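Visitor: Next comes my_file.txt, compact mmCIF, C-alpha atoms:
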```
# COMPACT_ATOMS: atom_id res chain seq x y z
CA MET Y 1 70.02 85.09 172.11
CA GLU Y 2 69.03 82.16 174.36
CA GLN Y 3 72.09 82.72 176.58
CA THR Y 4 70.90 86.12 177.88
CA TYR Y 5 70.28 84.55 181.29
CA MET Y 6 74.06 84.65 181.73
CA LYS Y 7 73.85 88.38 182.36
CA GLU Y 8 70.49 88.42 184.13
CA GLN Y 9 70.36 85.72 186.84
CA PRO Y 10 71.86 86.18 190.35
CA ILE Y 11 75.56 85.36 190.18
CA LEU Y 12 75.83 82.68 192.88
CA ASN Y 13 72.83 80.74 191.56
CA LEU Y 14 74.09 81.09 188.00
CA LEU Y 15 77.62 80.02 188.89
CA LEU Y 16 76.36 77.01 190.84
CA LYS Y 17 74.08 76.06 187.97
CA MET Y 18 76.99 76.24 185.53
CA SER Y 19 79.63 74.76 187.83
CA LEU Y 20 77.95 71.97 189.78
CA PRO Y 21 77.45 69.66 186.78
CA MET Y 22 81.12 70.17 185.92
CA VAL Y 23 82.22 69.64 189.54
CA VAL Y 24 80.29 66.36 189.63
CA SER Y 25 81.79 65.23 186.32
CA MET Y 26 85.27 66.30 187.43
CA LEU Y 27 84.85 64.33 190.66
CA VAL Y 28 83.90 61.26 188.65
CA ASN Y 29 86.87 61.93 186.39
CA SER Y 30 89.07 62.17 189.48
CA LEU Y 31 87.64 58.88 190.69
CA TYR Y 32 88.47 57.38 187.31
CA ASN Y 33 92.09 58.54 187.60
CA ILE Y 34 92.42 56.97 191.03
CA VAL Y 35 90.61 53.75 190.06
CA ASP Y 36 92.68 53.49 186.88
CA SER Y 37 95.91 53.86 188.87
CA PHE Y 38 94.58 51.49 191.56
CA PHE Y 39 94.10 48.70 189.03
CA VAL Y 40 97.41 49.40 187.28
CA ALA Y 41 99.17 49.30 190.67
CA LYS Y 42 97.67 45.83 191.17
CA ILE Y 43 99.64 44.66 188.14
CA SER Y 44 102.91 45.70 189.80
CA GLU Y 45 104.70 48.70 191.29
CA ASN Y 46 106.74 48.80 188.06
CA ALA Y 47 103.51 49.23 186.07
CA MET Y 48 102.49 52.18 188.25
CA THR Y 49 105.95 53.72 187.87
CA ALA Y 50 105.70 53.29 184.08
CA LEU Y 51 102.32 55.03 184.13
CA SER Y 52 103.86 57.89 186.13
CA LEU Y 53 106.63 58.30 183.55
CA VAL Y 54 104.18 58.26 180.62
CA PHE Y 55 101.92 60.79 182.36
CA PRO Y 56 103.88 63.90 181.23
CA VAL Y 57 103.46 62.91 177.57
CA GLN Y 58 99.76 62.18 178.10
CA ASN Y 59 99.49 65.54 179.82
CA LEU Y 60 101.07 67.19 176.77
CA ILE Y 61 98.27 65.81 174.59
CA ASN Y 62 95.69 66.90 177.15
CA ALA Y 63 97.30 70.33 177.32
CA VAL Y 64 97.10 71.00 173.59
CA MET Y 65 93.56 69.64 173.23
CA ILE Y 66 92.10 71.28 176.34
CA GLY Y 67 94.06 74.50 175.87
CA PHE Y 68 92.80 74.98 172.33
CA GLY Y 69 89.32 74.01 173.57
CA ILE Y 70 89.54 76.87 176.07
CA GLY Y 71 90.29 79.18 173.14
CA ILE Y 72 87.21 77.90 171.29
CA ASN Y 73 85.08 78.27 174.41
CA ALA Y 74 86.21 81.83 175.12
CA VAL Y 75 85.71 83.02 171.54
CA ILE Y 76 82.24 81.46 171.22
CA SER Y 77 81.16 82.87 174.60
CA PHE Y 78 82.40 86.35 173.65
CA TYR Y 79 80.54 86.37 170.32
CA LEU Y 80 77.36 85.03 171.91
CA GLY Y 81 77.56 87.87 174.43
CA ALA Y 82 78.08 90.31 171.56
CA ALA Y 83 75.08 88.71 169.71
CA ASP Y 84 77.17 87.67 166.66
CA GLN Y 85 75.79 84.21 165.76
CA LYS Y 86 77.79 83.84 162.53
CA LYS Y 87 81.14 84.33 164.27
CA ALA Y 88 80.12 81.90 167.02
CA ASP Y 89 79.31 79.24 164.40
CA GLN Y 90 82.55 79.93 162.56
CA ALA Y 91 84.56 79.50 165.76
CA ALA Y 92 82.93 76.14 166.47
CA SER Y 93 83.36 74.84 162.91
CA GLN Y 94 86.98 75.88 162.53
CA GLY Y 95 87.70 74.67 166.05
CA MET Y 96 86.57 71.17 165.08
CA LEU Y 97 88.72 71.19 161.94
CA LEU Y 98 91.83 72.39 163.77
CA GLY Y 99 91.19 70.04 166.70
CA THR Y 100 91.20 67.07 164.32
CA PHE Y 101 94.51 68.23 162.87
CA HIS Y 102 95.99 68.58 166.37
CA GLY Y 103 94.89 65.04 167.25
CA ILE Y 104 96.55 63.48 164.21
CA LEU Y 105 99.77 65.48 164.61
CA LEU Y 106 100.14 64.76 168.32
CA MET Y 107 99.47 61.06 167.84
CA ILE Y 108 102.35 60.80 165.36
CA ILE Y 109 104.76 62.90 167.43
CA CYS Y 110 104.08 61.09 170.71
CA LEU Y 111 104.41 57.63 169.17
CA VAL Y 112 107.81 58.64 167.77
CA VAL Y 113 109.26 60.24 170.91
CA ILE Y 114 107.90 58.03 173.69
CA HIS Y 115 110.74 55.46 173.69
CA PRO Y 116 113.62 57.95 173.99
CA PHE Y 117 111.55 59.98 176.47
CA LEU Y 118 111.08 57.02 178.83
CA SER Y 119 114.76 56.11 178.54
CA LEU Y 120 115.69 59.54 179.93
CA PHE Y 121 114.26 58.66 183.34
CA THR Y 122 114.99 54.98 183.92
CA ASN Y 123 117.40 52.26 182.86
CA ASP Y 124 114.98 49.56 183.99
CA ALA Y 125 114.03 47.69 180.80
CA LYS Y 126 110.86 46.31 182.40
CA ILE Y 127 109.54 49.79 183.24
CA VAL Y 128 110.38 51.09 179.75
CA ASN Y 129 108.63 48.10 178.17
CA LEU Y 130 105.50 48.59 180.27
CA GLY Y 131 105.44 52.29 179.40
CA LEU Y 132 105.72 51.55 175.68
CA ARG Y 133 103.00 48.92 175.79
CA TYR Y 134 100.63 51.36 177.49
CA SER Y 135 101.41 54.48 175.46
CA LYS Y 136 101.37 52.88 172.00
CA ILE Y 137 97.70 52.03 172.49
CA VAL Y 138 96.47 55.09 174.36
CA PHE Y 139 98.01 57.54 171.85
CA LEU Y 140 96.08 55.94 168.97
CA PHE Y 141 92.86 57.43 170.38
CA SER Y 142 94.14 61.04 170.21
CA VAL Y 143 91.73 62.10 167.44
CA PHE Y 144 88.71 60.80 169.34
CA PHE Y 145 89.92 62.69 172.40
CA ALA Y 146 90.23 65.84 170.26
CA TRP Y 147 86.63 65.50 169.06
CA GLU Y 148 85.42 64.93 172.61
CA LEU Y 149 87.17 68.11 173.81
CA VAL Y 150 85.84 70.32 170.99
CA PHE Y 151 82.28 69.13 171.62
CA GLU Y 152 82.74 69.65 175.36
CA LYS Y 153 83.89 73.26 175.04
CA VAL Y 154 81.19 74.15 172.52
CA PHE Y 155 78.43 72.71 174.70
CA GLN Y 156 79.86 74.54 177.73
CA ALA Y 157 80.02 77.83 175.80
CA VAL Y 158 76.24 77.71 175.24
CA GLY Y 159 75.58 76.77 178.87
CA LYS Y 160 74.69 73.10 178.31
CA MET Y 161 76.59 71.95 181.38
CA ASN Y 162 74.24 69.06 182.15
CA ILE Y 163 74.91 67.46 178.77
CA SER Y 164 78.63 67.99 179.26
CA MET Y 165 78.33 66.31 182.67
CA ILE Y 166 76.47 63.32 181.24
CA CYS Y 167 79.00 62.79 178.45
CA LEU Y 168 82.06 63.18 180.67
CA MET Y 169 80.66 60.94 183.40
CA SER Y 170 79.56 58.30 180.91
CA GLY Y 171 83.04 58.10 179.39
CA CYS Y 172 84.62 57.86 182.84
CA LEU Y 173 82.20 55.15 183.97
CA VAL Y 174 82.87 53.14 180.80
CA ASN Y 175 86.58 53.46 181.57
CA ILE Y 176 86.14 52.41 185.20
CA PHE Y 177 84.06 49.38 184.14
CA LEU Y 178 86.51 48.30 181.43
CA ASP Y 179 89.66 48.66 183.58
CA PRO Y 180 89.33 45.45 185.61
CA VAL Y 181 87.61 43.64 182.74
CA LEU Y 182 90.43 44.27 180.24
CA ILE Y 183 93.37 44.33 182.67
CA PHE Y 184 92.58 41.08 184.47
CA GLY Y 185 90.45 39.35 181.83
CA LEU Y 186 87.05 39.05 183.50
CA GLY Y 187 84.37 36.94 181.83
CA PRO Y 188 85.02 36.19 178.15
CA PHE Y 189 87.68 38.90 177.84
CA PRO Y 190 91.41 38.04 177.73
CA SER Y 191 93.83 39.39 180.35
CA LEU Y 192 95.61 42.29 178.63
CA GLY Y 193 97.53 43.74 181.59
CA ILE Y 194 98.69 47.31 181.14
CA GLU Y 195 97.46 47.30 177.52
CA GLY Y 196 93.96 46.74 178.94
CA ALA Y 197 94.27 49.95 180.97
CA ALA Y 198 95.26 51.87 177.84
CA LEU Y 199 92.41 50.37 175.80
CA ALA Y 200 89.89 51.17 178.54
CA THR Y 201 91.05 54.81 178.54
CA GLY Y 202 90.76 55.15 174.77
CA LEU Y 203 87.36 53.48 174.57
CA GLY Y 204 86.03 55.72 177.37
CA GLN Y 205 87.10 58.84 175.45
CA THR Y 206 85.59 57.50 172.24
CA PHE Y 207 82.30 56.74 173.97
CA SER Y 208 82.11 60.34 175.25
CA ALA Y 209 82.73 61.74 171.76
CA ILE Y 210 79.99 59.56 170.25
CA LEU Y 211 77.56 60.55 173.00
CA TYR Y 212 78.21 64.26 172.35
CA LEU Y 213 77.50 63.68 168.64
CA ILE Y 214 74.20 61.96 169.47
CA PHE Y 215 73.12 64.86 171.71
CA TYR Y 216 74.13 67.37 169.01
CA MET Y 217 71.98 65.58 166.43
CA VAL Y 218 68.97 64.81 168.66
CA ALA Y 219 68.80 68.07 170.65
CA PRO Y 220 70.49 70.78 168.53
CA ILE Y 221 72.20 73.67 170.31
CA SER Y 222 72.29 77.32 169.23
CA VAL Y 223 75.86 77.05 167.91
CA LYS Y 224 76.20 74.99 164.71
CA PHE Y 225 79.05 73.18 162.96
CA ARG Y 226 78.72 74.25 159.34
CA ARG Y 227 80.71 72.91 156.41
CA ALA Y 228 80.66 76.34 154.76
CA TYR Y 229 82.64 77.72 157.72
CA PHE Y 230 85.43 75.13 157.60
CA LYS Y 231 87.45 77.43 155.35
CA PRO Y 232 89.95 79.05 157.75
CA ASP Y 233 89.34 82.65 158.73
CA PHE Y 234 92.80 83.97 159.66
CA ALA Y 235 91.56 86.61 162.11
CA LEU Y 236 89.28 84.14 163.89
CA CYS Y 237 91.94 81.42 164.05
CA LYS Y 238 94.40 83.95 165.40
CA LYS Y 239 91.91 84.89 168.12
CA MET Y 240 91.40 81.26 169.14
CA TYR Y 241 95.12 80.51 169.11
CA SER Y 242 95.95 83.70 171.03
CA ILE Y 243 93.94 82.22 173.90
CA GLY Y 244 94.48 78.52 173.14
CA ILE Y 245 98.29 78.54 172.86
CA PRO Y 246 98.90 80.16 176.27
CA ALA Y 247 96.19 77.90 177.76
CA SER Y 248 97.89 74.86 176.21
CA LEU Y 249 101.24 75.96 177.60
CA ASN Y 250 99.55 76.44 180.98
CA MET Y 251 98.48 72.82 180.93
CA ALA Y 252 101.72 71.51 179.42
CA LEU Y 253 103.85 73.09 182.12
CA PRO Y 254 102.98 70.43 184.73
CA SER Y 255 104.55 67.87 182.38
CA LEU Y 256 107.78 69.85 182.39
CA LEU Y 257 107.54 70.17 186.16
CA ILE Y 258 106.94 66.45 186.74
CA SER Y 259 109.77 65.49 184.40
CA SER Y 260 112.14 67.91 186.13
CA LEU Y 261 111.15 66.73 189.59
CA ASN Y 262 111.48 63.10 188.48
CA VAL Y 263 115.11 63.83 187.59
CA ILE Y 264 115.74 65.37 191.03
CA LEU Y 265 113.89 62.67 192.96
CA ALA Y 266 115.44 59.78 191.01
CA GLY Y 267 118.71 60.61 192.78
CA PHE Y 268 117.08 59.69 196.11
CA GLY Y 269 115.48 56.44 194.91
CA GLN Y 270 112.73 55.10 192.65
CA SER Y 271 110.23 55.19 195.55
CA TYR Y 272 110.26 59.01 195.49
CA VAL Y 273 109.42 59.03 191.77
CA PHE Y 274 106.59 56.61 192.55
CA VAL Y 275 105.28 58.89 195.33
CA LEU Y 276 105.33 61.95 193.04
CA GLY Y 277 103.28 60.01 190.50
CA VAL Y 278 100.81 58.96 193.19
CA TYR Y 279 100.55 62.55 194.44
CA TYR Y 280 99.63 63.81 190.97
CA LYS Y 281 96.98 61.11 190.73
CA LEU Y 282 95.56 62.10 194.11
CA GLN Y 283 95.68 65.83 193.51
CA THR Y 284 93.47 65.41 190.43
CA PHE Y 285 90.72 64.48 192.89
CA LEU Y 286 91.15 67.98 194.31
CA TYR Y 287 92.09 70.19 191.39
CA LEU Y 288 89.68 68.70 188.86
CA PRO Y 289 86.61 69.66 190.94
CA ALA Y 290 88.16 73.12 191.32
CA ASN Y 291 88.58 73.12 187.56
CA GLY Y 292 84.86 72.32 187.33
CA VAL Y 293 84.17 75.65 189.00
CA ILE Y 294 86.59 77.35 186.59
CA GLN Y 295 84.89 75.71 183.60
CA GLY Y 296 81.55 77.05 184.80
CA MET Y 297 83.09 80.47 185.36
CA ARG Y 298 84.81 80.89 181.96
CA PRO Y 299 81.74 81.13 179.70
CA LEU Y 300 80.01 83.40 182.23
CA ILE Y 301 82.96 85.78 182.34
CA GLY Y 302 83.41 85.64 178.56
CA TYR Y 303 79.72 86.28 177.89
CA ASN Y 304 79.47 89.17 180.36
CA TYR Y 305 82.71 90.65 179.05
CA GLY Y 306 81.31 90.50 175.50
CA ALA Y 307 78.09 92.13 176.77
CA LYS Y 308 80.17 94.83 178.55
CA GLU Y 309 78.84 93.84 182.01
CA HIS Y 310 82.16 94.51 183.76
CA SER Y 311 80.79 94.72 187.30
CA ARG Y 312 79.35 91.22 186.93
CA VAL Y 313 82.72 90.00 185.70
CA ASN Y 314 84.29 91.01 189.02
CA LYS Y 315 81.49 89.46 191.08
CA ILE Y 316 81.76 86.19 189.14
CA TYR Y 317 85.51 86.12 189.90
CA GLN Y 318 84.99 86.73 193.63
CA THR Y 319 82.28 84.08 193.97
CA SER Y 320 84.35 81.53 192.05
CA LEU Y 321 87.32 82.17 194.34
CA ILE Y 322 85.23 81.39 197.42
CA LEU Y 323 84.00 78.11 195.90
CA VAL Y 324 87.53 77.03 194.94
CA LEU Y 325 88.76 77.88 198.46
CA ALA Y 326 86.10 75.56 199.91
CA ILE Y 327 87.24 72.69 197.70
CA MET Y 328 90.89 73.23 198.61
CA ALA Y 329 90.04 73.29 202.31
CA VAL Y 330 88.55 69.80 202.03
CA GLY Y 331 91.69 68.53 200.30
CA THR Y 332 93.92 70.04 202.97
CA VAL Y 333 91.99 68.33 205.77
CA LEU Y 334 92.12 64.94 204.03
CA CYS Y 335 95.87 65.11 203.41
CA LEU Y 336 96.57 66.16 207.00
CA CYS Y 337 94.29 63.55 208.59
CA ILE Y 338 94.58 60.39 206.44
CA PRO Y 339 97.70 60.63 204.26
CA GLY Y 340 98.72 57.02 204.90
CA THR Y 341 95.29 55.73 203.88
CA LEU Y 342 95.49 57.67 200.61
CA ILE Y 343 98.95 56.36 199.72
CA HIS Y 344 97.94 52.82 200.72
CA LEU Y 345 95.48 52.83 197.80
CA PHE Y 346 98.46 52.44 195.48
CA THR Y 347 101.06 50.43 197.43
CA ALA Y 348 101.36 48.18 200.46
CA THR Y 349 105.10 48.83 200.91
CA PRO Y 350 105.53 50.39 204.40
CA ALA Y 351 108.58 52.46 203.44
CA THR Y 352 106.80 53.94 200.41
CA ILE Y 353 103.69 54.71 202.47
CA LYS Y 354 105.86 56.55 205.01
CA ILE Y 355 107.51 58.62 202.28
CA GLY Y 356 104.16 59.40 200.67
CA SER Y 357 102.51 60.37 203.96
CA SER Y 358 105.29 62.84 204.70
CA ALA Y 359 105.01 64.29 201.19
CA LEU Y 360 101.25 64.85 201.46
CA HIS Y 361 101.61 66.47 204.90
CA ILE Y 362 104.01 69.04 203.45
CA ILE Y 363 102.57 69.66 199.98
CA CYS Y 364 98.99 70.24 201.21
CA LEU Y 365 100.12 73.40 203.03
CA GLY Y 366 99.91 75.18 199.68
CA PHE Y 367 96.43 74.04 198.65
CA LEU Y 368 94.46 76.97 200.08
CA VAL Y 369 96.66 79.74 198.71
CA SER Y 370 96.72 78.05 195.29
CA SER Y 371 93.02 78.97 194.99
CA VAL Y 372 94.02 82.54 194.08
CA SER Y 373 96.27 81.42 191.21
CA VAL Y 374 93.81 78.83 189.88
CA THR Y 375 90.87 81.27 189.86
CA SER Y 376 92.84 84.22 188.48
CA SER Y 377 94.34 82.16 185.68
CA GLY Y 378 90.93 80.78 184.65
CA ALA Y 379 89.29 84.20 184.80
CA LEU Y 380 91.96 85.72 182.56
CA GLU Y 381 91.42 82.93 180.01
CA GLY Y 382 87.68 83.64 180.09
CA LEU Y 383 88.47 87.29 179.34
CA GLY Y 384 90.59 86.24 176.38
CA MET Y 385 93.83 87.29 178.11
CA GLY Y 386 95.93 84.20 177.49
CA LEU Y 387 99.36 85.73 178.05
CA PRO Y 388 98.80 86.99 181.63
CA SER Y 389 97.32 83.59 182.49
CA LEU Y 390 100.43 81.95 181.07
CA ILE Y 391 102.68 84.14 183.25
CA ILE Y 392 100.87 82.86 186.35
CA SER Y 393 101.35 79.26 185.27
CA LEU Y 394 105.01 79.83 184.46
CA CYS Y 395 105.49 80.99 188.04
CA ARG Y 396 103.63 77.97 189.46
CA TYR Y 397 105.23 75.29 187.32
CA THR Y 398 108.69 76.39 186.19
CA LEU Y 399 110.23 79.74 187.08
CA ILE Y 400 109.93 79.37 190.85
CA ILE Y 401 109.33 75.75 191.78
CA ILE Y 402 111.98 73.96 189.67
CA PRO Y 403 115.04 75.95 190.82
CA LEU Y 404 113.59 76.10 194.36
CA ALA Y 405 113.09 72.32 194.45
CA PHE Y 406 116.65 71.76 193.26
CA LEU Y 407 118.14 74.10 195.87
CA LEU Y 408 116.05 72.74 198.72
CA SER Y 409 116.85 69.16 197.71
CA LEU Y 410 120.53 69.97 198.24
CA LEU Y 411 119.76 71.31 201.72
CA GLN Y 412 117.01 68.97 202.93
CA GLY Y 413 117.06 65.98 200.61
CA ALA Y 414 113.81 64.76 199.03
CA SER Y 415 111.67 66.60 201.61
CA GLY Y 416 113.04 69.84 200.20
CA VAL Y 417 111.22 69.04 196.94
CA TRP Y 418 107.94 68.69 198.83
CA HIS Y 419 108.49 72.04 200.63
CA ALA Y 420 109.05 73.73 197.27
CA PHE Y 421 105.38 73.13 196.41
CA TRP Y 422 103.78 75.22 199.18
CA ILE Y 423 106.42 77.96 199.06
CA THR Y 424 105.83 78.34 195.32
CA GLU Y 425 102.05 78.48 195.75
CA ALA Y 426 102.34 81.25 198.36
CA ILE Y 427 104.59 83.38 196.14
CA THR Y 428 102.50 82.78 193.02
CA ALA Y 429 99.26 83.67 194.80
CA ILE Y 430 100.59 87.16 195.46
CA ILE Y 431 101.76 87.55 191.87
CA SER Y 432 98.51 86.26 190.35
CA TYR Y 433 96.33 88.49 192.53
CA TRP Y 434 98.30 91.54 191.37
CA ILE Y 435 98.22 90.52 187.69
CA TYR Y 436 94.47 89.84 187.63
CA HIS Y 437 93.43 93.08 189.33
CA ARG Y 438 95.85 95.10 187.21
CA LYS Y 439 94.30 93.68 184.02
CA VAL Y 440 90.72 94.09 185.20
CA ARG Y 441 91.29 97.75 186.04
CA ALA Y 442 92.37 98.25 182.44
CA LEU Y 443 89.04 96.95 181.02
```
The structure in this file should be written as structure tokens.
Guide:
Amino acid sequence: MEQTYMKEQPILNLLLKMSLPMVVSMLVNSLYNIVDSFFVAKISENAMTALSLVFPVQNLINAVMIGFGIGINAVISFYLGAADQKKADQAASQGMLLGTFHGILLMIICLVVIHPFLSLFTNDAKIVNLGLRYSKIVFLFSVFFAWELVFEKVFQAVGKMNISMICLMSGCLVNIFLDPVLIFGLGPFPSLGIEGAALATGLGQTFSAILYLIFYMVAPISVKFRRAYFKPDFALCKKMYSIGIPASLNMALPSLLISSLNVILAGFGQSYVFVLGVYYKLQTFLYLPANGVIQGMRPLIGYNYGAKEHSRVNKIYQTSLILVLAIMAVGTVLCLCIPGTLIHLFTATPATIKIGSSALHIICLGFLVSSVSVTSSGALEGLGMGLPSLIISLCRYTLIIIPLAFLLSLLQGASGVWHAFWITEAITAIISYWIYHRKVRAL
């Protein structure tokens, strides 16, 4: 098999080779998130608040698509390591079929529920209207996003990280270019406002999907999409879903967290909801590059696990943890040194900047310790252990932080919510370290 280098090359070099293209693409994706929010914030603070309220629903779509993609990736990597080409092709083919179904279903569900969902968090008709105008366009591109994600995870499973980087970056750059053009009506284009932001997002995702298809046709990879394999194989689908469902829940949990915290913070004023939305935009600039390392790690761990190279599995985990720690250290320094500058990217209101600066100072205390949870969760997914990974995410996003944020908000006001972040990360790091090493010893 052409992927045998995954169990032969030195681990650090191999991990960097697999991760760096994804880190670069994740950084560009992070830049897109910030630029997108920057331009939306220029429309009005209400538009940015609307985007923050829609974000949990968008994150739900992302969670299902990416989570199932992780299942596809892990299964393909395992079968490539076990030298079973037919099963690898079957996983890719059925993954594409099921991904298309997920895209259609989620598009319909989200379009139906978005209005009552927005009304749960605000009585401001202008914010609700802006949220509806944005979401009704962006959700229409769900199928294209599904195709993009399936291609991405298949290409990553065979080690084609450079192609994945090119496609992801190209889609992000198209989005960044189209944002000001469609929002403000530059050149011959009409001014579409918040609808322009939604259209730019959808067209960027579509462009990435088309680019993946072109690469697949021009430079074929070892794993093939075959029509003969579209007939569902129950055992194979079960294997993908056993990893994909917990991974999807892992990624959906932040939506539940944000929605819960929005309810708590709304009692202290709309500015706190705005700051939470800005924080989640900013933290993507940190956690997405870390996720780039995890994306490079998953196929390596899955392949070596399938090839029964268990000692390399442990070394890949340890090296990945060090790389993620380095990324988190950079984020901590930035949030401690220039919090006001970061918040000022999204608002010029002095009171909001003060609130946001205080929030970043407190929340960033948990960045370093979160490296253990992030790396352990990703490693368990690469090993095909979706349930233990889900337990870690439940601790990070629901079981600990939500009740803790509520209790601390009663004692310390809104700042209590910010303190709940770093306390939760410290507790979860201990739990995740224990879970990972307990599972690895059982291999």
Visitor: Please identify all polymer residues within 12 Å of segment 271-274 of chain Y, counting all atoms listed in the file, omitting same-chain residues fewer than 2 positions from it, and present them as a ChimeraX atom specification.
Guide: /Y:37,41,44-53,55,121-122,127,258-269,276-281,343,346-347,349-359,413-415,417-418
Visitor: Choose the residue, out of Y:Ala348, Y:Ile431, Y:Leu360, Y:Met161, that has the smallest atom-to-atom separation from Leu14 of chain Y; count all atoms listed in the file.
Guide: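 Nearest to Leu14 of chain Y: Y:Met161.
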Visitor: Name the closest residue to Leu336 of chain Y among the candidates Y:Leu97, Y:Leu168, Y:Leu365, Y:Met385; distances are taken between atoms, counting only C-alpha atoms.
Guide: Y:Leu365
Visitor: What's the 10 Å shell around Leu380 of chain Y, counting only C-alpha atoms, without same-chain residues fewer than 4 positions away, as number ranges by chain?
Guide: Y: 243, 298, 301-302, 317, 375-376, 384-390, 435-436, 439-440
Visitor: Measuring between all atoms listed in the file, which one of Y:Ile163, Y:Ile70, Y:Val40, Y:Leu321 shows the shortest distance to Ile245 of chain Y?
Guide: Y:Ile70
Visitor: Would you compute the distance between atom CA of His344 of chain Y and atom CA of Thr398 of chain Y? Give it in Å to one decimal.
Guide: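 That distance, rounded to one decimal, is 29.7 Å.
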Visitor: Residues near segment 78-80 of chain Y, anyone? I mean within 7 Å using all atoms listed in the file, not counting same-chain ones fewer than 4 positions away, as a list in words.
Guide: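 So, after excluding close chain neighbours, the residues are Ala74, Asp84, Gln85, Lys87, Ala88, Gly302, Tyr303, Tyr305 and Gly306 of chain Y.
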Visitor: Can you list, as a ChimeraX atom specification, every protein, DNA or RNA residue that comes within 12 Å of Ala247 of chain Y when you count only C-alpha atoms, leaving out same-chain residues fewer than 4 positions away?
Guide: /Y:60,62-74,240-243,251-253,377-382,384-394
Visitor: Can you measure atom CA of Leu368 of chain Y to atom CA of Thr332 of chain Y for me? One decimal in Å is fine.
Guide: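 Computing the Euclidean distance for atom CA of Leu368 of chain Y and atom CA of Thr332 of chain Y yields 7.5 Å.
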Visitor: Could you please determine the separation between atom CA of Pro56 of chain Y and atom CA of Cys337 of chain Y in Å, to one decimal place?
Guide: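 One can read the atom CA of Pro56 of chain Y to atom CA of Cys337 of chain Y distance as 29.0 Å.
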Visitor: Which of these, Y:Phe406, Y:Trp147, Y:Phe234, Y:Tyr216, has the shortest distance to Phe421 of chain Y once you count all atoms listed in the file?
Guide: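 Using all atoms listed in the file, the shortest distance to Phe421 of chain Y belongs to Y:Phe406.
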Visitor: With all atoms listed in the file as the atoms that count, which of Y:Ile327, Y:Leu286, Y:Val275, Y:Leu256 lies nearest to Ile401 of chain Y?
Guide: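 Nearest candidate to Ile401 of chain Y out of Y:Ile327, Y:Leu286, Y:Val275, Y:Leu256: Y:Leu256.
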Visitor: Show me the residues close to (77.7, 93.9, 175.1) - anything with an atom within 6 Å, counting all atoms listed in the file - and format the list as a PyMOL selection string.
Guide: chain Y and resi 82+306-308
Visitor: Go ahead and write the selection's residues with C-alpha atoms as a CSV table (one decimal), in the frame of the given file.
Guide:
```
chain,number,residue,atom,x,y,z
Y,82,ALA,CA,78.1,90.3,171.6
Y,306,GLY,CA,81.3,90.5,175.5
Y,307,ALA,CA,78.1,92.1,176.8
Y,308,LYS,CA,80.2,94.8,178.6
```
